[in-house]
Amino acid sequence: MKEDRIIILDLGSTKNTDLARAVRKLGVYSEIHPFDITVEELKNMDHVRGIILNGGENRIVEGKAVDVDSAIYNCGVPMISVDHPTAKCRQQFDEMPSDEKLKQFVFGDCKAEANWNMRNFISEQVESLREEIGDKKVLLALSGGVDSSVVAALLIKAIGQQLVCVHVNHGLMRKGESESVVEVFQKQLHANLVYVDASERFLSKLEGVSDPENKRKIIGNEFIRVFDEEAMKLDGIHYLGQGTIYPDIIESGTKTAKMVKSHHNVGGLPKDMQFELVEPLKQLFKDEVRACGTELGLPDYMVNRQPFPGPGLGVRCLGAITRDRLEAVRESDAILRDEFEKAGLDRRVWQYFTVVPDFKSVGMKNHARSFDYMVIIRAINTVDAMTATIEKVDWDVLETITSRILDEVDNVNRVCFDMSPKPPATIEFE
Ligand SMILES: Nc1ncnc2c1ncn2[C@@H]1O[C@H](COP(=O)(O)OP(=O)(O)OP(=O)(O)O)[C@@H](O)[C@H]1O
């Protein structure tokens, strides 16, 4: 990679990513590494212009305060420290430096060039992907979500028809979602796309299953089975593309953080599938992934898509999934998304969706007694998905959504708004 870089060494900070993002915001590439990196490893990296020793509350590891190898202090690269009392560098900060001070360090002391942007990133990735992959083929599970869509667009630009995308419609997609994957990737970007309509297969496996854990397991296992079958039909695949992004890497790789998450992958593919991995987004933060998708020409609704659970609408059609309630979830979700977009809430609210429970309530329709399902609307905001607050949706917007759902969605006679923050409630219901 040709960009100048600032290395952040994690000495127990909980704010490594904030710092890395602050540096990248200045247009300079920044990467986080563990405190015990060796000076040789550092020297093997290209274009290292500066080092930030980033200390903090997790500085005690196995009873000892951590520090970098003394050779790193003498490696001749400009260095500052943040909240690292035993640092042996000239300039030390007690807390994250202001933008001005960071600028002074990055451009003044380190003389770094501001050349980190998505255009450069894409052209470099295209070049290195072509070199790495040669004339071999790459398989990619394309969900239509942000990460796999951006990986697909990048790989299409780099290797065109050598990329084989497999999209599985498990029947639990949102309204129009699978169709838009086909429209964008097959019709517009001319991708080599295998579209598998496995709805019937998933729905029949799920029939009568009401336990949320079992539902998730069945969906996950069936997904692997379908993907496996499709992969077996293909010849000469050498690589597997994955939408791993930078937070996946740092969350599973840091040596001081308390919470360690497992690495992102395609739901645990069978071990006997011998693929090498291609993970072209592994340097990017989520907002950079979105910017990369936009630069690659993906539509706005795809790159700004809100998070959507792997098991899809299956966990929003509560209890044992029935086709009538699944349709009610899908249709009401489409109305909610449409009205949120019209009200400009789609950009502001982190996640919003509808849920249909598996019981009925009494109502009146066309002057007669009705006994039908209810739709629950949920709209939440969060920073890290660990806690969540409720969006105070404007009353008029809620009324419009309610009357549209009651008018347009079959088998529904009641609409509720979920007021519960996380905790004690979770974001999803199952
Ligand atoms: N219906 C699907 N068809 C094909 N691939 C899928 C499907 N659902 C999930 N995948 C694959 O599994 C990966 C992990 O799925 P997950 O639901 O955890 O999404 P994610 O981490 O948000 O990524 P994305 O933004 O690409 O959906 C996806 O990146 C994609 O490669």
# chains A, B, ... in the order shown; residues from 1 in each chain; ligands from 1
call {"tool": "residues_near_ligand", "arguments": {"ligand": "ligand 1", "cutoff": "7 Å", "atoms": "only C-alpha atoms and all ligand atoms", "output": "list in words"}}
result
Leu140, Ala141, Leu142, Ser143, Gly144, Gly145, Val146, Asp147, Ser148, Ser149, Val166, His167, Val168, Asn169, His170, Gln242, Gly243, His264, Asn265, Val266, Gly267, Pro307, Phe308, Pro309 and Gly310 of chain A
call {"tool": "select_by_dssp", "arguments": {"residues": "stretch 159-382 of chain A", "states": "helix (DSSP H, G or I)", "output": "number ranges by chain"}}
result
A: 159-162, 177-188, 199-206, 212-233, 246-253, 286-295, 300-303, 312-315, 323-342
call {"tool": "residues_around", "arguments": {"residues": "A:Ile376", "least_positions_apart": "5", "cutoff": "12 Å", "atoms": "only C-alpha atoms", "output": "short mmCIF file (atom, residue, chain, number, x, y, z; two decimals) with N, CA and C atoms, in the first residue's frame"}}
result
data_model
loop_
_atom_site.label_atom_id
_atom_site.label_comp_id
_atom_site.auth_asym_id
_atom_site.auth_seq_id
_atom_site.Cartn_x
_atom_site.Cartn_y
_atom_site.Cartn_z
N ARG A 316 -38.73 -11.81 13.27
CA ARG A 316 -39.71 -10.75 13.51
C ARG A 316 -41.13 -11.28 13.33
N CYS A 317 -41.23 -12.50 12.85
CA CYS A 317 -42.51 -13.19 12.77
C CYS A 317 -42.45 -14.14 13.98
N LEU A 318 -42.96 -13.67 15.11
CA LEU A 318 -42.66 -14.32 16.38
C LEU A 318 -43.29 -15.71 16.49
N ALA A 328 -47.52 -10.36 6.61
CA ALA A 328 -47.89 -9.15 7.37
C ALA A 328 -46.64 -8.41 7.86
N VAL A 329 -45.60 -9.17 8.26
CA VAL A 329 -44.34 -8.52 8.68
C VAL A 329 -43.72 -7.83 7.48
N SER A 332 -45.84 -4.72 6.32
CA SER A 332 -45.83 -3.60 7.27
C SER A 332 -44.44 -2.98 7.36
N ASP A 333 -43.41 -3.82 7.25
CA ASP A 333 -42.03 -3.31 7.25
C ASP A 333 -41.81 -2.39 6.04
N LEU A 336 -43.50 0.91 6.77
CA LEU A 336 -42.71 1.65 7.76
C LEU A 336 -41.49 2.30 7.10
N TYR A 352 -35.16 0.43 12.53
CA TYR A 352 -36.62 0.47 12.69
C TYR A 352 -37.21 -0.69 11.91
N PHE A 353 -38.19 -1.31 12.51
CA PHE A 353 -38.79 -2.48 11.86
C PHE A 353 -40.13 -2.79 12.50
N THR A 354 -40.82 -3.76 11.92
CA THR A 354 -42.09 -4.19 12.51
C THR A 354 -42.00 -5.66 12.91
N VAL A 355 -42.87 -6.03 13.83
CA VAL A 355 -42.89 -7.38 14.37
C VAL A 355 -44.35 -7.82 14.41
N VAL A 356 -44.60 -9.09 14.15
CA VAL A 356 -45.97 -9.60 14.29
C VAL A 356 -45.98 -10.78 15.27
N PRO A 357 -46.61 -10.62 16.45
CA PRO A 357 -46.68 -11.71 17.42
C PRO A 357 -47.64 -12.81 16.95
N ASP A 358 -47.58 -13.94 17.64
CA ASP A 358 -48.38 -15.08 17.17
C ASP A 358 -49.69 -15.24 17.93
N LEU A 398 -46.55 8.56 12.95
CA LEU A 398 -47.07 7.29 13.48
C LEU A 398 -48.51 7.04 13.04
N ILE A 401 -48.51 5.93 9.39
CA ILE A 401 -48.05 4.54 9.27
C ILE A 401 -49.15 3.59 9.74
N THR A 402 -49.76 3.93 10.87
CA THR A 402 -50.80 3.07 11.42
C THR A 402 -51.96 2.92 10.44
N ILE A 405 -50.97 0.74 7.49
CA ILE A 405 -50.87 -0.69 7.83
C ILE A 405 -52.27 -1.29 7.95
N VAL A 412 -54.54 -7.91 9.70
CA VAL A 412 -54.07 -7.08 10.81
C VAL A 412 -55.18 -6.12 11.23
N ASN A 413 -55.42 -5.99 12.54
CA ASN A 413 -56.45 -5.04 12.99
C ASN A 413 -55.95 -4.10 14.10
N ARG A 414 -54.64 -4.15 14.38
CA ARG A 414 -54.16 -3.35 15.51
C ARG A 414 -52.67 -3.02 15.29
N VAL A 415 -52.27 -1.77 15.66
CA VAL A 415 -50.86 -1.39 15.54
C VAL A 415 -50.39 -0.82 16.87
N CYS A 416 -49.25 -1.27 17.37
CA CYS A 416 -48.69 -0.79 18.64
C CYS A 416 -47.29 -0.24 18.42
N PHE A 417 -46.86 0.63 19.32
CA PHE A 417 -45.49 1.16 19.24
C PHE A 417 -44.73 0.70 20.48
N ASP A 418 -43.58 0.09 20.26
CA ASP A 418 -42.80 -0.46 21.37
C ASP A 418 -41.97 0.65 22.03
N MET A 419 -42.23 0.90 23.30
CA MET A 419 -41.56 1.98 24.02
C MET A 419 -40.35 1.51 24.84
N SER A 420 -39.95 0.24 24.70
CA SER A 420 -38.95 -0.30 25.63
C SER A 420 -37.51 -0.08 25.18
N GLU A 428 -33.97 -6.73 18.89
CA GLU A 428 -34.90 -7.66 18.25
C GLU A 428 -35.73 -8.36 19.32
N PHE A 429 -36.84 -8.98 18.90
CA PHE A 429 -37.71 -9.66 19.85
C PHE A 429 -37.29 -11.11 20.12
#
call {"tool": "residues_around", "arguments": {"residues": "A:Cys75", "least_positions_apart": "4", "cutoff": "10 Å", "atoms": "only C-alpha atoms", "output": "mmCIF file with C-alpha atoms, in the first residue's frame"}}
result
data_model
loop_
_atom_site.group_PDB
_atom_site.id
_atom_site.type_symbol
_atom_site.label_atom_id
_atom_site.label_comp_id
_atom_site.auth_asym_id
_atom_site.auth_seq_id
_atom_site.Cartn_x
_atom_site.Cartn_y
_atom_site.Cartn_z
ATOM 1 C CA VAL A 39 10.531 -3.289 15.990
ATOM 2 C CA GLU A 40 11.202 -5.604 13.013
ATOM 3 C CA LEU A 42 7.158 -2.211 12.456
ATOM 4 C CA LYS A 43 10.070 -1.743 10.082
ATOM 5 C CA SER A 70 12.422 -0.300 24.357
ATOM 6 C CA ALA A 71 13.715 -0.693 20.775
ATOM 7 C CA MET A 79 6.065 9.374 18.521
#
call {"tool": "atom_distance", "arguments": {"atom1": "atom CA of A:Lys101", "atom2": "atom CA of A:Val66"}}
result
25.3 Å
call {"tool": "select_by_dssp", "arguments": {"residues": "stretch 60-204 of chain A", "states": "strand (DSSP E)", "output": "NGL selection string"}}
result
:A and (60-61 or 64-65 or 79-82 or 91-93 or 137-141 or 163-169 or 192-197)
call {"tool": "closest_atom_pairs", "arguments": {"of": "stretch 270-311 of chain A", "to": "stretch 112-121 of chain A", "cutoff": "12 Å", "atoms": "only C-alpha atoms", "output": "tab-separated table"}}
result
residue	atom	partner	partner_atom	distance
A:Pro280	CA	A:Phe121	CA	10.0
A:Leu281	CA	A:Phe121	CA	9.8
A:Lys282	CA	A:Phe121	CA	11.9
A:Gln283	CA	A:Phe121	CA	9.8
A:Leu284	CA	A:Phe121	CA	9.7
A:Phe285	CA	A:Met118	CA	11.7
A:Asp287	CA	A:Met118	CA	11.0
A:Glu288	CA	A:Met118	CA	7.5
A:Val289	CA	A:Met118	CA	8.9
A:Arg290	CA	A:Met118	CA	9.9
A:Ala291	CA	A:Met118	CA	6.9
A:Cys292	CA	A:Met118	CA	5.5
A:Gly293	CA	A:Met118	CA	9.2
A:Thr294	CA	A:Met118	CA	9.4
A:Glu295	CA	A:Met118	CA	7.0
A:Leu296	CA	A:Arg119	CA	9.0
A:Gly297	CA	A:Arg119	CA	11.9
call {"tool": "closest_residue", "arguments": {"among": "A:Met386, A:Arg201, A:Asn192, A:Arg174", "to": "A:Gln306", "atoms": "only C-alpha atoms"}}
result
A:Arg174
call {"tool": "residues_around", "arguments": {"residues": "A:Glu341", "least_positions_apart": "3", "cutoff": "12 Å", "atoms": "only C-alpha atoms", "output": "ChimeraX atom specification"}}
result
/A:301,304-305,334-338,344-349,352,397,401
call {"tool": "write_last_selection", "arguments": {"atoms": "C-alpha atoms", "output": "PDB file, in the first residue's frame"}}
result
ATOM      1  CA  TYR A 301     -30.369   2.473  -0.445  1.00  0.00           C
ATOM      2  CA  ASN A 304     -26.952   3.131   3.675  1.00  0.00           C
ATOM      3  CA  ARG A 305     -29.027   0.102   4.521  1.00  0.00           C
ATOM      4  CA  ALA A 334     -42.192  -1.969   3.680  1.00  0.00           C
ATOM      5  CA  ILE A 335     -44.781   0.641   4.724  1.00  0.00           C
ATOM      6  CA  LEU A 336     -42.712   1.653   7.757  1.00  0.00           C
ATOM      7  CA  ARG A 337     -39.575   2.046   5.628  1.00  0.00           C
ATOM      8  CA  ASP A 338     -41.465   4.029   3.011  1.00  0.00           C
ATOM      9  CA  GLY A 344     -36.505  11.936   6.543  1.00  0.00           C
ATOM     10  CA  LEU A 345     -36.184   9.549   9.490  1.00  0.00           C
ATOM     11  CA  ASP A 346     -34.372   6.862   7.502  1.00  0.00           C
ATOM     12  CA  ARG A 347     -31.055   8.702   7.825  1.00  0.00           C
ATOM     13  CA  ARG A 348     -31.528   9.600  11.470  1.00  0.00           C
ATOM     14  CA  VAL A 349     -32.877   6.479  13.131  1.00  0.00           C
ATOM     15  CA  TYR A 352     -36.617   0.466  12.694  1.00  0.00           C
ATOM     16  CA  VAL A 397     -45.922  10.085  11.167  1.00  0.00           C
ATOM     17  CA  ILE A 401     -48.051   4.542   9.266  1.00  0.00           C
TER      18      ILE A 401
END
call {"tool": "atom_distance", "arguments": {"atom1": "atom CA of A:Asp410", "atom2": "atom CA of A:Ile218"}}
result
27.5 Å
call {"tool": "closest_residue", "arguments": {"among": "A:Leu9, A:Leu189, A:Ile52, A:Val23", "to": "A:Thr38", "atoms": "only C-alpha atoms"}}
result
A:Leu9
call {"tool": "residues_around", "arguments": {"residues": "A:Val164", "least_positions_apart": "2", "cutoff": "9 Å", "atoms": "only C-alpha atoms", "output": "PyMOL selection string"}}
result
chain A and resi 137-141+161-162+166+191-194+234+237
call {"tool": "write_last_selection", "arguments": {"atoms": "N, CA and C atoms", "output": "mmCIF file, in the first residue's frame"}}
result
data_model
loop_
_atom_site.group_PDB
_atom_site.id
_atom_site.type_symbol
_atom_site.label_atom_id
_atom_site.label_comp_id
_atom_site.auth_asym_id
_atom_site.auth_seq_id
_atom_site.Cartn_x
_atom_site.Cartn_y
_atom_site.Cartn_z
ATOM 1 N N LYS A 137 -10.766 -18.211 -9.720
ATOM 2 C CA LYS A 137 -12.139 -17.773 -9.454
ATOM 3 C C LYS A 137 -12.395 -17.547 -7.969
ATOM 4 N N VAL A 138 -13.277 -16.586 -7.686
ATOM 5 C CA VAL A 138 -13.634 -16.265 -6.301
ATOM 6 C C VAL A 138 -15.139 -16.484 -6.118
ATOM 7 N N LEU A 139 -15.487 -17.106 -5.013
ATOM 8 C CA LEU A 139 -16.902 -17.312 -4.684
ATOM 9 C C LEU A 139 -17.287 -16.338 -3.578
ATOM 10 N N LEU A 140 -18.468 -15.728 -3.709
ATOM 11 C CA LEU A 140 -18.890 -14.785 -2.678
ATOM 12 C C LEU A 140 -20.356 -14.999 -2.329
ATOM 13 N N ALA A 141 -20.645 -15.131 -1.035
ATOM 14 C CA ALA A 141 -22.030 -15.195 -0.577
ATOM 15 C C ALA A 141 -22.531 -13.765 -0.475
ATOM 16 N N GLN A 161 -15.921 -11.362 -14.428
ATOM 17 C CA GLN A 161 -16.627 -12.644 -14.458
ATOM 18 C C GLN A 161 -15.938 -13.747 -13.650
ATOM 19 N N GLN A 162 -14.740 -13.500 -13.189
ATOM 20 C CA GLN A 162 -14.075 -14.522 -12.342
ATOM 21 C C GLN A 162 -14.690 -14.555 -10.943
ATOM 22 N N VAL A 166 -23.205 -15.812 -5.026
ATOM 23 C CA VAL A 166 -24.378 -16.656 -4.762
ATOM 24 C C VAL A 166 -25.293 -15.905 -3.805
ATOM 25 N N ALA A 191 -22.818 -8.931 -13.071
ATOM 26 C CA ALA A 191 -22.085 -9.921 -12.282
ATOM 27 C C ALA A 191 -22.505 -11.322 -12.673
ATOM 28 N N ASN A 192 -21.602 -12.237 -12.437
ATOM 29 C CA ASN A 192 -21.858 -13.652 -12.585
ATOM 30 C C ASN A 192 -22.605 -14.068 -11.305
ATOM 31 N N LEU A 193 -23.938 -13.990 -11.347
ATOM 32 C CA LEU A 193 -24.720 -14.168 -10.112
ATOM 33 C C LEU A 193 -25.570 -15.432 -10.155
ATOM 34 N N VAL A 194 -25.421 -16.252 -9.144
ATOM 35 C CA VAL A 194 -26.294 -17.419 -9.011
ATOM 36 C C VAL A 194 -27.363 -17.039 -7.999
ATOM 37 N N LEU A 234 -20.099 -25.661 -8.717
ATOM 38 C CA LEU A 234 -19.204 -24.765 -9.447
ATOM 39 C C LEU A 234 -17.820 -25.391 -9.588
ATOM 40 N N ILE A 237 -13.209 -23.144 -8.171
ATOM 41 C CA ILE A 237 -13.168 -22.009 -7.248
ATOM 42 C C ILE A 237 -11.945 -22.143 -6.349
#
call {"tool": "atom_distance", "arguments": {"atom1": "atom CA of A:Asp10", "atom2": "atom CA of A:Gly241"}}
result
28.8 Å
call {"tool": "closest_residue", "arguments": {"among": "A:Lys175, A:Arg21, A:Lys360, A:Arg49", "to": "A:Phe105", "atoms": "only C-alpha atoms"}}
result
A:Arg49
